[in-house]
Amino acid sequence: MKLKKFLASILSLAMVLSLAACGGDSGEDAASGDGADGGEQSITLGFAQVGSESEWRTANTDNIKASAEEAGITLQFSDAQQKQENQIKAIRSFIASDVDVISFCPIVETGWDTVLQEAKDAGIPVVLVDRGVTADPSLYVTHIFADALKEGGNAFNWIDEYMTSEGKTPRAGGDQFQVAILEGTVGSSVAADRLQGFLDAMDASENSAKYNVLCSQTGEYTRAKGMEVMESFLKSDGDKIDILFSCNGDMALGAIQAIEAAGLKPGEDIVIVSIDAAKGEFNAMIEGKMNCAVEHTPNFGPTLMETAKKIVAGEEVPATIELEEGIYPADIAEQELPNRTY
Ligand code: AHR
């Protein structure tokens, strides 16, 4: 609870007690105001979103908005359009309008110390969602996240098992599979972690000598950029690439267009694994154009609202809250699609 609201509650409780002692209104009636009796307190949450770069992001925005409504939390929502300075401006405007809790998905990892300190000085708790920051953890209350390192590792391990069990051989001959990687937003925690998790799993594999990263570049988590970068990969190495690891779903879908335009069969000539597991990837898998989607859930909303309520009620929350996720290979895509929420 913000310091001034906490003091206000103490003050109103003291007033109630003194009224009761003076034989005024009964304590029960007088205390039935906004949260002073331990009942639901009205909460305003300021949420600074990254932008609308992907199918995943749109689903995340929808989930945050719907969850706030369902939880009876007033949401102040701001779209930073992929610019850190816009996110910082939004956080400052949440501080100025004295919201109860601030939450944001940090576009990049660094550069948050000053604004987080401003929120702390104003007594407004901050909850990070999805991506992380490198700032001092005492500047925010908790981080609700899905483990991007694990996702990258899951992507490589699935590929490794698939290449082995399918008896795949490198398209250009030799004894190494050539890997292309579409990375995410430069400077974002999830982009760095997914890549690291993938490369660590490759190093740790007993088959590590069978893989070579031929090309790796950011596709900025967008379909258009994923297509453009894949086109350039194909121009120089089109006859060699065996595997595409795409650090999100939209870039994979853009890359599929580039692969088809180059006269190759996505999902066959080039094995494709992406992270997100949104409906677009499921449809591509059902069409045989992609091989596996590793889940990164956008459904942070319910946990965020529950956490905001706990914080405002003065309850302890853990320093990190991890969400569970799955792995969806193409052979179960059709059966799973009706269960997908995004
Ligand atoms: O931060 C999560 C990532 O951002 C998602 O994987 C990607 O699709 C989005 O744009």
# chains A, B, ... in the order shown; residues from 1 in each chain; ligands from 1
call {"tool": "select_by_dssp", "arguments": {"residues": "segment 168-262 of chain A", "states": "helix (DSSP H, G or I)", "output": "ChimeraX atom specification"}}
result
/A:189-204,208-210,223-237,249-261
call {"tool": "select_by_dssp", "arguments": {"residues": "segment 159-198 of chain A", "states": "strand (DSSP E)", "output": "PDB file with N, CA, C and O atoms, in the first residue's frame"}}
result
ATOM      1  N   PHE A 177      24.420 -29.353 -39.464  1.00  0.00           N
ATOM      2  CA  PHE A 177      23.194 -28.634 -39.821  1.00  0.00           C
ATOM      3  C   PHE A 177      23.477 -27.144 -39.715  1.00  0.00           C
ATOM      4  O   PHE A 177      24.081 -26.698 -38.726  1.00  0.00           O
ATOM      5  N   GLN A 178      23.006 -26.405 -40.701  1.00  0.00           N
ATOM      6  CA  GLN A 178      23.224 -24.952 -40.697  1.00  0.00           C
ATOM      7  C   GLN A 178      21.977 -24.268 -40.134  1.00  0.00           C
ATOM      8  O   GLN A 178      20.867 -24.489 -40.609  1.00  0.00           O
ATOM      9  N   VAL A 179      22.215 -23.455 -39.113  1.00  0.00           N
ATOM     10  CA  VAL A 179      21.104 -22.844 -38.378  1.00  0.00           C
ATOM     11  C   VAL A 179      21.036 -21.339 -38.663  1.00  0.00           C
ATOM     12  O   VAL A 179      22.052 -20.638 -38.609  1.00  0.00           O
ATOM     13  N   ALA A 180      19.809 -20.866 -38.949  1.00  0.00           N
ATOM     14  CA  ALA A 180      19.570 -19.418 -39.067  1.00  0.00           C
ATOM     15  C   ALA A 180      18.738 -19.004 -37.852  1.00  0.00           C
ATOM     16  O   ALA A 180      17.843 -19.736 -37.432  1.00  0.00           O
ATOM     17  N   ILE A 181      19.052 -17.831 -37.308  1.00  0.00           N
ATOM     18  CA  ILE A 181      18.306 -17.364 -36.124  1.00  0.00           C
ATOM     19  C   ILE A 181      17.753 -15.959 -36.376  1.00  0.00           C
ATOM     20  O   ILE A 181      18.478 -15.063 -36.824  1.00  0.00           O
ATOM     21  N   LEU A 182      16.456 -15.796 -36.112  1.00  0.00           N
ATOM     22  CA  LEU A 182      15.847 -14.466 -36.127  1.00  0.00           C
ATOM     23  C   LEU A 182      15.704 -14.043 -34.670  1.00  0.00           C
ATOM     24  O   LEU A 182      14.942 -14.652 -33.913  1.00  0.00           O
ATOM     25  N   GLU A 183      16.465 -13.046 -34.274  1.00  0.00           N
ATOM     26  CA  GLU A 183      16.460 -12.598 -32.873  1.00  0.00           C
ATOM     27  C   GLU A 183      15.377 -11.539 -32.655  1.00  0.00           C
ATOM     28  O   GLU A 183      14.876 -10.950 -33.600  1.00  0.00           O
TER      29      GLU A 183
END
call {"tool": "residues_near_ligand", "arguments": {"ligand": "ligand 1", "cutoff": "7 Å", "atoms": "only C-alpha atoms and all ligand atoms", "output": "list in words"}}
result
Glu53, Ser54, Glu55, Trp56, Arg57, Asp130, Arg131, Val190, Tyr221, Cys247, Asn248, Gly249, Asp250, Ile275, Asp276 and His296 of chain A
call {"tool": "write_last_selection", "arguments": {"atoms": "N, CA, C and O atoms", "output": "short mmCIF file (atom, residue, chain, number, x, y, z; two decimals), in the first residue's frame"}}
result
data_model
loop_
_atom_site.label_atom_id
_atom_site.label_comp_id
_atom_site.auth_asym_id
_atom_site.auth_seq_id
_atom_site.Cartn_x
_atom_site.Cartn_y
_atom_site.Cartn_z
N GLU A 53 3.50 -4.71 -31.74
CA GLU A 53 4.36 -5.25 -32.79
C GLU A 53 4.00 -6.64 -33.26
O GLU A 53 4.42 -7.04 -34.34
N SER A 54 3.23 -7.39 -32.47
CA SER A 54 3.02 -8.80 -32.82
C SER A 54 1.63 -9.28 -32.40
O SER A 54 0.95 -8.64 -31.61
N GLU A 55 1.28 -10.45 -32.96
CA GLU A 55 0.02 -11.11 -32.58
C GLU A 55 0.02 -11.36 -31.06
O GLU A 55 -0.98 -11.18 -30.38
N TRP A 56 1.18 -11.76 -30.56
CA TRP A 56 1.33 -12.03 -29.12
C TRP A 56 1.03 -10.78 -28.32
O TRP A 56 0.33 -10.80 -27.32
N ARG A 57 1.59 -9.64 -28.77
CA ARG A 57 1.44 -8.39 -28.01
C ARG A 57 -0.02 -7.97 -27.96
O ARG A 57 -0.52 -7.49 -26.95
N ASP A 130 6.39 -9.69 -17.80
CA ASP A 130 7.01 -10.27 -18.99
C ASP A 130 8.52 -10.00 -19.01
O ASP A 130 9.28 -10.78 -18.48
N ARG A 131 8.97 -8.91 -19.59
CA ARG A 131 10.41 -8.65 -19.71
C ARG A 131 11.00 -8.10 -18.41
O ARG A 131 10.27 -7.49 -17.63
N VAL A 190 13.96 -10.61 -22.99
CA VAL A 190 13.50 -11.88 -23.59
C VAL A 190 14.31 -12.24 -24.83
O VAL A 190 14.58 -13.41 -25.09
N TYR A 221 11.03 -8.63 -33.83
CA TYR A 221 9.75 -9.23 -33.39
C TYR A 221 8.58 -8.89 -34.32
O TYR A 221 7.42 -9.01 -33.92
N CYS A 247 12.80 -16.22 -32.82
CA CYS A 247 12.54 -15.88 -31.41
C CYS A 247 11.14 -15.32 -31.16
O CYS A 247 10.83 -14.97 -30.03
N ASN A 248 10.30 -15.22 -32.18
CA ASN A 248 8.86 -15.05 -31.93
C ASN A 248 8.06 -15.56 -33.13
O ASN A 248 8.62 -15.92 -34.18
N GLY A 249 6.75 -15.59 -32.94
CA GLY A 249 5.87 -16.17 -33.96
C GLY A 249 5.76 -15.31 -35.20
O GLY A 249 5.82 -15.83 -36.33
N ASP A 250 5.62 -14.01 -35.04
CA ASP A 250 5.43 -13.15 -36.21
C ASP A 250 6.62 -13.20 -37.17
O ASP A 250 6.45 -13.24 -38.39
N ILE A 275 9.02 -19.17 -31.01
CA ILE A 275 8.55 -19.00 -29.63
C ILE A 275 7.35 -18.04 -29.63
O ILE A 275 7.39 -17.03 -30.33
N ASP A 276 6.34 -18.37 -28.91
CA ASP A 276 5.08 -17.64 -28.67
C ASP A 276 3.94 -18.67 -28.60
O ASP A 276 3.21 -18.72 -27.65
N HIS A 296 5.09 -18.98 -25.12
CA HIS A 296 5.40 -17.85 -24.23
C HIS A 296 4.03 -17.21 -23.98
O HIS A 296 3.49 -16.53 -24.83
#
call {"tool": "closest_residue", "arguments": {"among": "A:Leu234, A:Leu45, A:Ala277, A:Ala191", "to": "Gly72 of chain A", "atoms": "only C-alpha atoms"}}
result
A:Leu45
call {"tool": "residues_around", "arguments": {"residues": "Pro298 of chain A", "least_positions_apart": "4", "cutoff": "10 Å", "atoms": "only C-alpha atoms", "output": "PyMOL selection string"}}
result
chain A and resi 55-64+129-130+145-146+276-278+323+341-342
call {"tool": "closest_residue", "arguments": {"among": "A:Lys235, A:Lys150, A:Arg340, A:Lys265", "to": "Asp200 of chain A", "atoms": "only C-alpha atoms"}}
result
A:Lys150
call {"tool": "atom_distance", "arguments": {"atom1": "atom CA of Thr320 of chain A", "atom2": "atom CA of Val133 of chain A"}}
result
12.5 Å
